[in-house]
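J.: Below you will find the structure I want to go over with you.
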Amino acid sequence: MCRTALHNFLRDLPKCEHHVHLEGCLTPELVFDLAKRNGVQLPDPAQQPEFQSPATLHQHYEQFQSLDHFLSYYFLSMSVLQHRADFEDLAWSYFCQAYEDGVRHAEVFFDPQEHMHRGVAYETVLDGFGQGCRRAERELGMSTKLILCYVRHLPLDDAMQLFVLGLKRGDFETTPDGPAKIAGIGCSSSEIGPPKDLFREIYVMARDKGIARTAHAGEEGDPSYISAALDAYHVQRIDHGTSLADDAMLMERVAREEILLTVCPATNIKLRYMDRIDQLPIREFMNAGIRFSINSDDPAYFGGFILHNYCAVQEAFDLSAKEWIEIAKNSVQGSWVGDERKAELLRMVDEHGLRFSEA
Ligand code: ADE
Ligand code: ZN
């Protein structure tokens, strides 16, 4: 909990989350539970002492040195996910926590390529996570969307085959709130190394078919990774985009084209991109009229869920309630939902602002 006067206001502010990896919600406790449930052998603590217990694994997560270092744990821990129910339970655990933190609309990433690579069927992953989404809609009244994330470190052919499979099965939504299961595509994992336009062909096909698009860019990489995502992938969003502030012309373009940045404050500290949250270009983005949302990315690894990130920003920047209402409204506008749900979410934000100003 933050020590700011706005803590309760921030807790109750209706939020949209656009950047959270469901696999990044696999807490050490869940890793150990699911390993036991599924008979999966975790690394031998004699070789890797961090796998002694959930507590030692938590401690180890304080010491990531880089994105790739974090990713090695993220991919290893996923091996405990075997059955449809495991994926559903993981999604449900995220939605419950997110709901408590005030999330009312959640767009969540998942990495099917990674699971298929270790022998888990696409249907198992999609059905399991899909069930978790349906349960959150039914029992919590949230709106939810799945975003399929291609990973840059696995063969490009696998990504293309996965895209074609999704197309054939009719899995992708081409209109907001359409009946299909996946709202859009994204891409993630190691940023520096693979070609900046690795998934060009997939993204061009996705655009032609009216499928929504986002991409992780400008997280570890310089602003040229962001312009490559805009030019080659025609994305409507940039995930992270922190390095955008290093290129004034590109900032103007992002503002003009109304690209939403999905900023993940805690990631920047935990992966050592910066020492302090106040080094994030939040004020620069606001002054340049750039729309952004605040997100948790991999809450099981980076110290907390979405409210933790809102509070960190508030402690660093001391924003006003009015500025937060603006951020909340921008994140509704940047959501991949139909007009009716957008209007509902905007109304919830306005009502919250009104309640606060009358209190
Ligand atoms: N996959 C999960 N979290 C990620 C991050 N922060 N950057 C790139 N790929 C990821
Ligand atoms: Zn991410």
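Residues in the structure tokens are named by chain (A, B, ... in the order shown) and by number from 1 within that chain; ligands are numbered from 1 in the order shown.
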Would you please extract all helix (DSSP H, G or I) residues from segment 116-263 of chain A, as assigned by DSSP on the backbone, and give them as a count of residues only?

T.: 69

J.: If you count only C-alpha atoms, which residues fall within 12 Å of Cys96 of chain A, apart from same-chain ones fewer than 3 positions away, as a ChimeraX atom specification?

T.: /A:25,89-93,99-104,106,132-133,135-137,139-142,305

J.: Just to be explicit: take each residue in the selection above, keep N, CA, C and O atoms, and write the result as an mmCIF file, in the first residue's frame.

T.:
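Final output, result_17.cif:
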```cif
data_model
loop_
_atom_site.group_PDB
_atom_site.id
_atom_site.type_symbol
_atom_site.label_atom_id
_atom_site.label_comp_id
_atom_site.auth_asym_id
_atom_site.auth_seq_id
_atom_site.Cartn_x
_atom_site.Cartn_y
_atom_site.Cartn_z
ATOM 1 N N CYS A 25 1.548 -14.470 -14.071
ATOM 2 C CA CYS A 25 0.791 -14.447 -12.806
ATOM 3 C C CYS A 25 1.021 -15.734 -12.017
ATOM 4 O O CYS A 25 0.370 -15.969 -10.996
ATOM 5 N N ASP A 89 -7.341 -22.261 -13.704
ATOM 6 C CA ASP A 89 -7.063 -21.841 -12.319
ATOM 7 C C ASP A 89 -6.121 -20.630 -12.283
ATOM 8 O O ASP A 89 -6.291 -19.721 -11.479
ATOM 9 N N LEU A 90 -5.129 -20.652 -13.165
ATOM 10 C CA LEU A 90 -4.171 -19.537 -13.213
ATOM 11 C C LEU A 90 -4.878 -18.242 -13.622
ATOM 12 O O LEU A 90 -4.706 -17.192 -12.981
ATOM 13 N N ALA A 91 -5.697 -18.341 -14.669
ATOM 14 C CA ALA A 91 -6.421 -17.141 -15.123
ATOM 15 C C ALA A 91 -7.351 -16.642 -14.017
ATOM 16 O O ALA A 91 -7.391 -15.444 -13.718
ATOM 17 N N TRP A 92 -8.060 -17.566 -13.397
ATOM 18 C CA TRP A 92 -9.009 -17.184 -12.340
ATOM 19 C C TRP A 92 -8.271 -16.503 -11.180
ATOM 20 O O TRP A 92 -8.738 -15.495 -10.636
ATOM 21 N N SER A 93 -7.107 -17.018 -10.824
ATOM 22 C CA SER A 93 -6.369 -16.402 -9.705
ATOM 23 C C SER A 93 -5.983 -14.964 -10.079
ATOM 24 O O SER A 93 -6.041 -14.072 -9.234
ATOM 25 N N TYR A 99 -9.520 -7.904 -9.842
ATOM 26 C CA TYR A 99 -10.811 -7.335 -9.451
ATOM 27 C C TYR A 99 -10.662 -6.572 -8.128
ATOM 28 O O TYR A 99 -11.161 -5.457 -7.977
ATOM 29 N N GLU A 100 -9.963 -7.199 -7.186
ATOM 30 C CA GLU A 100 -9.741 -6.531 -5.880
ATOM 31 C C GLU A 100 -8.999 -5.209 -6.055
ATOM 32 O O GLU A 100 -9.185 -4.273 -5.285
ATOM 33 N N ASP A 101 -8.139 -5.149 -7.051
ATOM 34 C CA ASP A 101 -7.364 -3.932 -7.323
ATOM 35 C C ASP A 101 -8.138 -2.926 -8.170
ATOM 36 O O ASP A 101 -7.576 -1.912 -8.604
ATOM 37 N N GLY A 102 -9.406 -3.214 -8.459
ATOM 38 C CA GLY A 102 -10.239 -2.250 -9.178
ATOM 39 C C GLY A 102 -10.290 -2.452 -10.693
ATOM 40 O O GLY A 102 -10.843 -1.601 -11.401
ATOM 41 N N VAL A 103 -9.732 -3.548 -11.192
ATOM 42 C CA VAL A 103 -9.789 -3.776 -12.646
ATOM 43 C C VAL A 103 -11.207 -4.208 -13.027
ATOM 44 O O VAL A 103 -11.778 -5.112 -12.431
ATOM 45 N N ARG A 104 -11.759 -3.516 -13.999
ATOM 46 C CA ARG A 104 -13.107 -3.869 -14.466
ATOM 47 C C ARG A 104 -13.090 -4.351 -15.914
ATOM 48 O O ARG A 104 -14.042 -4.929 -16.398
ATOM 49 N N ALA A 106 -10.151 -6.336 -18.480
ATOM 50 C CA ALA A 106 -8.784 -6.870 -18.549
ATOM 51 C C ALA A 106 -8.523 -7.510 -19.905
ATOM 52 O O ALA A 106 -9.312 -8.341 -20.367
ATOM 53 N N GLY A 132 -11.308 -19.438 -17.838
ATOM 54 C CA GLY A 132 -11.010 -18.475 -16.759
ATOM 55 C C GLY A 132 -11.639 -17.125 -17.060
ATOM 56 O O GLY A 132 -12.190 -16.466 -16.169
ATOM 57 N N CYS A 133 -11.562 -16.731 -18.333
ATOM 58 C CA CYS A 133 -12.164 -15.440 -18.742
ATOM 59 C C CYS A 133 -13.679 -15.477 -18.546
ATOM 60 O O CYS A 133 -14.268 -14.532 -18.001
ATOM 61 N N ARG A 135 -15.414 -17.258 -16.567
ATOM 62 C CA ARG A 135 -15.759 -17.262 -15.131
ATOM 63 C C ARG A 135 -15.660 -15.852 -14.545
ATOM 64 O O ARG A 135 -16.505 -15.437 -13.746
ATOM 65 N N ALA A 136 -14.637 -15.106 -14.962
ATOM 66 C CA ALA A 136 -14.474 -13.723 -14.455
ATOM 67 C C ALA A 136 -15.637 -12.850 -14.930
ATOM 68 O O ALA A 136 -16.125 -11.987 -14.188
ATOM 69 N N GLU A 137 -16.090 -13.079 -16.158
ATOM 70 C CA GLU A 137 -17.220 -12.292 -16.680
ATOM 71 C C GLU A 137 -18.499 -12.631 -15.898
ATOM 72 O O GLU A 137 -19.238 -11.749 -15.478
ATOM 73 N N GLU A 139 -18.831 -14.321 -12.837
ATOM 74 C CA GLU A 139 -18.863 -14.204 -11.374
ATOM 75 C C GLU A 139 -18.396 -12.838 -10.866
ATOM 76 O O GLU A 139 -18.731 -12.451 -9.753
ATOM 77 N N LEU A 140 -17.601 -12.124 -11.658
ATOM 78 C CA LEU A 140 -17.083 -10.826 -11.188
ATOM 79 C C LEU A 140 -17.657 -9.652 -11.980
ATOM 80 O O LEU A 140 -17.430 -8.503 -11.620
ATOM 81 N N GLY A 141 -18.336 -9.967 -13.076
ATOM 82 C CA GLY A 141 -18.912 -8.898 -13.905
ATOM 83 C C GLY A 141 -17.854 -8.109 -14.672
ATOM 84 O O GLY A 141 -18.117 -6.996 -15.150
ATOM 85 N N MET A 142 -16.645 -8.652 -14.782
ATOM 86 C CA MET A 142 -15.599 -7.960 -15.556
ATOM 87 C C MET A 142 -15.805 -8.223 -17.044
ATOM 88 O O MET A 142 -16.445 -9.201 -17.410
ATOM 89 N N PHE A 305 0.539 -6.577 -8.152
ATOM 90 C CA PHE A 305 -0.457 -6.479 -9.230
ATOM 91 C C PHE A 305 -0.657 -5.006 -9.617
ATOM 92 O O PHE A 305 0.180 -4.165 -9.313
#
```

J.: Each residue of chain A with at least one atom at most 9 Å from ligand 1 should appear once, together with its nearest atom pair and the corresponding distance in Å (one decimal); atoms considered: only C-alpha atoms and all ligand atoms; ordering: chain, then increasing residue number; output as CSV.

T.:
```
residue,atom,partner,partner_atom_place_in_ligand_line,distance
A:Val20,CA,ligand 1,3 (N),7.8
A:His21,CA,ligand 1,2 (C),5.8
A:Leu22,CA,ligand 1,2 (C),8.8
A:Glu23,CA,ligand 1,2 (C),7.6
A:Gly24,CA,ligand 1,2 (C),6.2
A:Leu67,CA,ligand 1,7 (N),6.5
A:Asp68,CA,ligand 1,8 (C),8.4
A:Phe70,CA,ligand 1,3 (N),8.2
A:Leu71,CA,ligand 1,1 (N),6.7
A:Tyr74,CA,ligand 1,2 (C),7.2
A:Phe75,CA,ligand 1,1 (N),8.9
A:Phe109,CA,ligand 1,2 (C),8.6
A:Phe110,CA,ligand 1,2 (C),8.9
A:Asp111,CA,ligand 1,1 (N),8.3
A:Cys149,CA,ligand 1,1 (N),8.6
A:Val151,CA,ligand 1,9 (N),7.7
A:Arg152,CA,ligand 1,9 (N),8.7
A:Cys187,CA,ligand 1,9 (N),7.7
A:Ser188,CA,ligand 1,9 (N),4.1
A:Ser189,CA,ligand 1,9 (N),3.3
A:Ser190,CA,ligand 1,8 (C),5.9
A:Glu191,CA,ligand 1,8 (C),6.8
A:His216,CA,ligand 1,8 (C),6.4
A:Ala217,CA,ligand 1,8 (C),8.5
A:Glu219,CA,ligand 1,7 (N),7.0
A:Glu220,CA,ligand 1,7 (N),8.4
A:Asp239,CA,ligand 1,7 (N),8.6
A:His240,CA,ligand 1,6 (N),8.0
A:Cys264,CA,ligand 1,6 (N),8.1
A:Thr267,CA,ligand 1,6 (N),6.3
A:Asn268,CA,ligand 1,6 (N),8.6
A:Leu271,CA,ligand 1,6 (N),8.3
A:Asp297,CA,ligand 1,3 (N),6.0
A:Asp298,CA,ligand 1,3 (N),5.8
```

J.: Can you list, as a PyMOL selection string, every protein, DNA or RNA residue that comes within 12 Å of Arg256 of chain A when you count only C-alpha atoms, leaving out same-chain residues fewer than 4 positions away?

T.: chain A and resi 249-252+260+288-291

J.: Could you tell me which of A:Glu29, A:Asp12, A:Asp86, A:Glu107 comes closest to ligand 2 if we count only C-alpha atoms and all ligand atoms?

T.: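 Counting only C-alpha atoms and all ligand atoms, the residue closest to ligand 2 is A:Glu107.
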
J.: Please report the interatomic distance between atom CA of Pro299 of chain A and atom CA of Val40 of chain A in Å with one decimal.

T.: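 According to the coordinates, atom CA of Pro299 of chain A and atom CA of Val40 of chain A are separated by 22.9 Å.
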
J.: Calculate how many Å separate atom CA of Val31 of chain A from atom CA of Arg84 of chain A, rounding to one decimal.

T.: 15.6 Å

J.: Report the distance between atom CA of Ile238 of chain A and atom CA of Cys2 of chain A in Å, rounded to one decimal place.

T.: 27.5 Å

J.: Give me, as a list in words, all polymer residues having an atom no more than 12 Å from Lys209 of chain A, counting only C-alpha atoms and skipping those fewer than 5 positions away in the same chain.

T.: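 These residues fall inside the cut-off: Phe163, Leu167, Gly170, Phe172, Glu173, Thr174, Thr175, Gly184, Ile202, Tyr203 and Val204 of chain A.
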
J.: I need the chosen residues saved as a PDB file, in the first residue's frame, with N, CA, C and O atoms.

T.:
```
ATOM      1  N   PHE A 163      -0.667 -18.856 -36.301  1.00  0.00           N
ATOM      2  CA  PHE A 163      -1.572 -17.809 -36.799  1.00  0.00           C
ATOM      3  C   PHE A 163      -2.584 -18.413 -37.788  1.00  0.00           C
ATOM      4  O   PHE A 163      -3.794 -18.180 -37.681  1.00  0.00           O
ATOM      5  N   LEU A 167      -6.656 -18.691 -37.592  1.00  0.00           N
ATOM      6  CA  LEU A 167      -7.535 -18.173 -38.660  1.00  0.00           C
ATOM      7  C   LEU A 167      -8.525 -19.247 -39.102  1.00  0.00           C
ATOM      8  O   LEU A 167      -9.730 -18.999 -39.208  1.00  0.00           O
ATOM      9  N   GLY A 170     -11.249 -19.838 -36.800  1.00  0.00           N
ATOM     10  CA  GLY A 170     -12.108 -18.680 -36.529  1.00  0.00           C
ATOM     11  C   GLY A 170     -11.925 -18.152 -35.123  1.00  0.00           C
ATOM     12  O   GLY A 170     -12.873 -17.657 -34.502  1.00  0.00           O
ATOM     13  N   PHE A 172     -10.028 -15.570 -34.109  1.00  0.00           N
ATOM     14  CA  PHE A 172      -9.742 -14.136 -33.945  1.00  0.00           C
ATOM     15  C   PHE A 172     -10.980 -13.263 -34.143  1.00  0.00           C
ATOM     16  O   PHE A 172     -11.709 -13.423 -35.126  1.00  0.00           O
ATOM     17  N   GLU A 173     -11.149 -12.311 -33.235  1.00  0.00           N
ATOM     18  CA  GLU A 173     -12.223 -11.310 -33.391  1.00  0.00           C
ATOM     19  C   GLU A 173     -11.829 -10.330 -34.487  1.00  0.00           C
ATOM     20  O   GLU A 173     -10.684  -9.867 -34.514  1.00  0.00           O
ATOM     21  N   THR A 174     -12.773  -9.991 -35.337  1.00  0.00           N
ATOM     22  CA  THR A 174     -12.487  -8.949 -36.331  1.00  0.00           C
ATOM     23  C   THR A 174     -13.365  -7.724 -36.098  1.00  0.00           C
ATOM     24  O   THR A 174     -13.214  -6.715 -36.786  1.00  0.00           O
ATOM     25  N   THR A 175     -14.280  -7.821 -35.152  1.00  0.00           N
ATOM     26  CA  THR A 175     -15.017  -6.633 -34.711  1.00  0.00           C
ATOM     27  C   THR A 175     -15.004  -6.662 -33.188  1.00  0.00           C
ATOM     28  O   THR A 175     -15.009  -7.750 -32.605  1.00  0.00           O
ATOM     29  N   GLY A 184      -6.961 -10.069 -30.275  1.00  0.00           N
ATOM     30  CA  GLY A 184      -5.901  -9.470 -31.078  1.00  0.00           C
ATOM     31  C   GLY A 184      -4.595 -10.214 -30.896  1.00  0.00           C
ATOM     32  O   GLY A 184      -4.535 -11.205 -30.158  1.00  0.00           O
ATOM     33  N   ILE A 202       2.929 -11.913 -40.602  1.00  0.00           N
ATOM     34  CA  ILE A 202       1.753 -12.216 -39.766  1.00  0.00           C
ATOM     35  C   ILE A 202       0.945 -10.937 -39.508  1.00  0.00           C
ATOM     36  O   ILE A 202      -0.278 -10.905 -39.650  1.00  0.00           O
ATOM     37  N   TYR A 203       1.655  -9.861 -39.151  1.00  0.00           N
ATOM     38  CA  TYR A 203       0.962  -8.621 -38.805  1.00  0.00           C
ATOM     39  C   TYR A 203       0.260  -8.013 -40.021  1.00  0.00           C
ATOM     40  O   TYR A 203      -0.835  -7.433 -39.887  1.00  0.00           O
ATOM     41  N   VAL A 204       0.887  -8.130 -41.194  1.00  0.00           N
ATOM     42  CA  VAL A 204       0.243  -7.575 -42.393  1.00  0.00           C
ATOM     43  C   VAL A 204      -1.045  -8.356 -42.680  1.00  0.00           C
ATOM     44  O   VAL A 204      -2.101  -7.770 -42.962  1.00  0.00           O
TER      45      VAL A 204
END
```
